[in-house]
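Q: A single structure is presented below for examination.
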Amino acid sequence: MYDDQFADVYDRVYCALYDYAEHAELIGDLARQRIDDPRTLLDVGCGTGEHLRHLGKQFSVTGIDLSESMVRVARQKLPEIPVHQGDMRNFDLTQSFDVVCSMYSSIGYLGGPEELRAAVARMAAHVAPGGVLIVEPWIPRERWNGGVLAHATVEHEGVTISRMGRWRTEGTRSLVDMHYLVSEPDGVRHFVDHQDLALYSLAEYEDAFDQAGFEASLLPAGRADRGVFVAIARPEAAG
């Protein structure tokens, strides 16, 4: 998952399909609705850093991602922003942030509910007192449609990229082998990116926040099939 060849076309594909600036504004608005004057933000699962690029206009930002390839791209693109390589299940940056977010369903790439609880606990541990945790889940199990064909073609600076794959369900996982054709001046190359995301129930998401001492609400924001969890520490946990 997320090797060099995928990381190198990631921005060309997703910047054409996804409005990172709009989503960054959503994150900022959700944070400011719950806390006064948030100044620092950690993006967990930051990928190539497109959220960081836009969030940096609102906050002092830091990123972390598991993929060495994605971190490489983010550091090249945003040399002024600290981007760490680390696992959301066990990372420790020895500092806290007013806002901790994890977007674009990064949390879906974990294993079972135990790993979900571990990741939410680590993110919660990095939220400063009075801060907020914002997590975009993968599609909850109750809303999963069983799998559909996904396809798109984008053009960027003379490069045409087509992707196609059919999502399928295996137990409590959603999987796809996404085929990419990349047309460049020197020819056409093909690679396959395998995606494997957990289909957690809403109750499993809520339990993970509860175990971390946070009260979470799933808001119908962002992409409607996923929503966004916004969570703050319970008073007894904050105390």
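If you're wondering about the labels, chains in the structure tokens are A, B, ... by order shown, residues count from 1 in each chain, ligands from 1 in order shown.
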Can you tell me which residues surround Val73 of chain A at a distance of at most 10 Å, considering only C-alpha atoms, apart from same-chain residues fewer than 6 positions away, and format the answer as a ChimeraX atom specification?
A: /A:4,7-8,10-11,47-49,79
Q: Extract, using only C-alpha atoms, all DNA, RNA and protein residues at most 9 Å from Ala128 of chain A, discarding same-chain residues fewer than 4 positions from it, and format them as a list in words.
A: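 Here the qualifying residues turn out to be Gln95, Ser96, Phe97, Asp98, Val99, Val100, Ala124 and Val132 of chain A.
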Q: Emit the selected residues as a PDB file, in the first residue's frame, including C-alpha atoms.
A:
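So part11.pdb came out as:
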ATOM      1  CA  GLN A  95       3.815  17.098  22.529  1.00  0.00           C
ATOM      2  CA  SER A  96       0.142  17.986  22.350  1.00  0.00           C
ATOM      3  CA  PHE A  97      -1.968  19.988  19.908  1.00  0.00           C
ATOM      4  CA  ASP A  98      -5.132  22.070  20.081  1.00  0.00           C
ATOM      5  CA  VAL A  99      -6.527  20.078  17.168  1.00  0.00           C
ATOM      6  CA  VAL A 100      -5.726  16.514  16.169  1.00  0.00           C
ATOM      7  CA  ALA A 124      -6.513  11.434  22.030  1.00  0.00           C
ATOM      8  CA  VAL A 132     -10.613  18.696  19.909  1.00  0.00           C
TER       9      VAL A 132
END
Q: List as an NGL selection string the protein and nucleic acid residues near Arg34 of chain A, meaning an atom at most 12 Å away when only C-alpha atoms are counted, but skip any in the same chain fewer than 3 places from it.
A: :A and (27-31 or 37-38 or 98-99 or 130-134 or 230-233)
Q: Just checking: using only C-alpha atoms, which residue out of A:Ser67, A:Thr62, A:Gln76, A:Gln195 ends up closest to Leu93 of chain A?
A: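 Looking only at the distances to Leu93 of chain A, the closest residue turns out to be A:Thr62.
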Q: Tell me, as a list in words, which residues lie within 12 Å of Gly147 of chain A, counting only C-alpha atoms; anything in the same chain fewer than 6 positions away does not count.
A: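 So, after excluding close chain neighbours, the residues are Ile139, Arg141, Gly165, Arg166, Trp167, Arg168, Thr169, Glu170, Arg173, Ser174, Leu175, Val176 and Leu199 of chain A.
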Q: From a DSSP calculation on the backbone, collect every residue of segment 23-211 of chain A in alpha helix (DSSP H) and output the set as an MDAnalysis selection string.
A: chainID A and resid 23:32 50:55 68:77 113:125 202:211
Q: How would the residues just chosen look if you wrote them out with C-alpha atoms as a short mmCIF file (atom, residue, chain, number, x, y, z; two decimals), in the first residue's frame?
A:
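The resulting file, selection19.cif, is shown below:
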data_model
loop_
_atom_site.label_atom_id
_atom_site.label_comp_id
_atom_site.auth_asym_id
_atom_site.auth_seq_id
_atom_site.Cartn_x
_atom_site.Cartn_y
_atom_site.Cartn_z
CA HIS A 23 -12.01 20.28 3.50
CA ALA A 24 -9.34 22.25 5.36
CA GLU A 25 -11.86 25.04 5.89
CA LEU A 26 -14.32 22.46 7.25
CA ILE A 27 -11.73 21.18 9.74
CA GLY A 28 -10.97 24.71 10.89
CA ASP A 29 -14.65 25.58 11.26
CA LEU A 30 -15.39 22.41 13.24
CA ALA A 31 -12.48 23.13 15.57
CA ARG A 32 -13.38 26.77 16.16
CA GLU A 50 -2.26 18.41 0.79
CA HIS A 51 -4.40 18.96 3.89
CA LEU A 52 -1.31 20.35 5.63
CA ARG A 53 -0.71 22.77 2.77
CA HIS A 54 -4.11 24.38 3.31
CA LEU A 55 -4.39 23.89 7.07
CA GLU A 68 7.71 6.23 3.83
CA SER A 69 6.82 7.06 0.22
CA MET A 70 4.04 9.49 1.17
CA VAL A 71 6.22 11.14 3.81
CA ARG A 72 8.94 11.62 1.19
CA VAL A 73 6.53 13.48 -1.10
CA ALA A 74 5.14 15.58 1.74
CA ARG A 75 8.60 16.62 2.93
CA GLN A 76 9.68 17.56 -0.59
CA LYS A 77 6.52 19.58 -1.13
CA PRO A 113 -11.50 -3.03 16.71
CA GLU A 114 -8.49 -3.39 19.01
CA GLU A 115 -6.31 -1.48 16.55
CA LEU A 116 -9.04 1.13 16.12
CA ARG A 117 -9.12 1.68 19.88
CA ALA A 118 -5.32 1.88 19.99
CA ALA A 119 -5.18 4.52 17.25
CA VAL A 120 -7.94 6.67 18.75
CA ALA A 121 -6.22 6.43 22.14
CA ARG A 122 -2.91 7.62 20.67
CA MET A 123 -4.59 10.50 18.88
CA ALA A 124 -6.51 11.43 22.03
CA ALA A 125 -3.27 11.40 24.02
CA LEU A 202 -20.83 2.90 14.31
CA ALA A 203 -20.85 1.26 17.73
CA GLU A 204 -17.19 0.22 17.32
CA TYR A 205 -16.19 3.77 16.38
CA GLU A 206 -18.11 5.18 19.33
CA ASP A 207 -16.57 2.63 21.69
CA ALA A 208 -13.07 3.61 20.59
CA PHE A 209 -13.70 7.27 21.46
CA ASP A 210 -15.37 6.30 24.72
CA GLN A 211 -12.45 4.08 25.76
#
Q: Could you pull out all residues of segment 3-159 of chain A with a DSSP call of strand (DSSP E) and give them as an MDAnalysis selection string?
A: chainID A and resid 40:44 60:65 83:85 97:102 127:135 149:156 159
Q: Produce a file of the selected residues containing C-alpha atoms, as a PDB file, in the first residue's frame.
A:
ATOM      1  CA  THR A  40      -1.735  24.082  16.650  1.00  0.00           C
ATOM      2  CA  LEU A  41      -2.842  21.053  14.631  1.00  0.00           C
ATOM      3  CA  LEU A  42      -1.588  17.521  14.066  1.00  0.00           C
ATOM      4  CA  ASP A  43      -2.721  15.658  10.931  1.00  0.00           C
ATOM      5  CA  VAL A  44      -2.511  11.890  11.496  1.00  0.00           C
ATOM      6  CA  SER A  60       0.833  25.818  13.031  1.00  0.00           C
ATOM      7  CA  VAL A  61       0.754  22.303  11.591  1.00  0.00           C
ATOM      8  CA  THR A  62       2.550  18.986  11.958  1.00  0.00           C
ATOM      9  CA  GLY A  63       1.966  15.766  10.028  1.00  0.00           C
ATOM     10  CA  ILE A  64       2.573  12.076  10.541  1.00  0.00           C
ATOM     11  CA  ASP A  65       2.073   9.136   8.183  1.00  0.00           C
ATOM     12  CA  VAL A  83       6.282  15.619   8.824  1.00  0.00           C
ATOM     13  CA  HIS A  84       7.063  12.466  10.800  1.00  0.00           C
ATOM     14  CA  GLN A  85       6.952   8.845   9.778  1.00  0.00           C
ATOM     15  CA  PHE A  97      -1.968  19.988  19.908  1.00  0.00           C
ATOM     16  CA  ASP A  98      -5.132  22.070  20.081  1.00  0.00           C
ATOM     17  CA  VAL A  99      -6.527  20.078  17.168  1.00  0.00           C
ATOM     18  CA  VAL A 100      -5.726  16.514  16.169  1.00  0.00           C
ATOM     19  CA  CYS A 101      -7.335  15.341  12.952  1.00  0.00           C
ATOM     20  CA  SER A 102      -7.243  12.257  10.776  1.00  0.00           C
ATOM     21  CA  VAL A 127      -4.920  16.442  22.197  1.00  0.00           C
ATOM     22  CA  ALA A 128      -4.081  19.373  24.460  1.00  0.00           C
ATOM     23  CA  PRO A 129      -6.391  20.082  27.428  1.00  0.00           C
ATOM     24  CA  GLY A 130      -9.513  21.707  26.065  1.00  0.00           C
ATOM     25  CA  GLY A 131      -8.642  20.592  22.530  1.00  0.00           C
ATOM     26  CA  VAL A 132     -10.613  18.696  19.909  1.00  0.00           C
ATOM     27  CA  LEU A 133     -10.191  15.451  17.963  1.00  0.00           C
ATOM     28  CA  ILE A 134     -11.627  15.284  14.417  1.00  0.00           C
ATOM     29  CA  VAL A 135     -11.703  11.962  12.567  1.00  0.00           C
ATOM     30  CA  LEU A 149     -17.044  -0.119  -9.643  1.00  0.00           C
ATOM     31  CA  ALA A 150     -14.823   2.931  -9.122  1.00  0.00           C
ATOM     32  CA  HIS A 151     -13.270   4.664 -12.117  1.00  0.00           C
ATOM     33  CA  ALA A 152     -11.859   8.041 -13.064  1.00  0.00           C
ATOM     34  CA  THR A 153      -9.573   9.663 -15.594  1.00  0.00           C
ATOM     35  CA  VAL A 154      -7.603  12.839 -14.903  1.00  0.00           C
ATOM     36  CA  GLU A 155      -5.119  14.920 -16.881  1.00  0.00           C
ATOM     37  CA  HIS A 156      -2.340  16.980 -15.325  1.00  0.00           C
ATOM     38  CA  VAL A 159       0.094  13.240 -18.024  1.00  0.00           C
TER      39      VAL A 159
END
Q: Determine the nearest neighbour of Ser217 of chain A from the options A:Thr172, A:Phe229, A:Val9, A:Ile107, counting only C-alpha atoms.
A: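 Using only C-alpha atoms, Ser217 of chain A sits closest to A:Phe229.
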Q: Which is closest to Ala16 of chain A among A:Ile161, A:Gly111, A:Glu136, A:Ala212, if we use only C-alpha atoms?
A: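 Closest to Ala16 of chain A, using only C-alpha atoms: A:Ile161.
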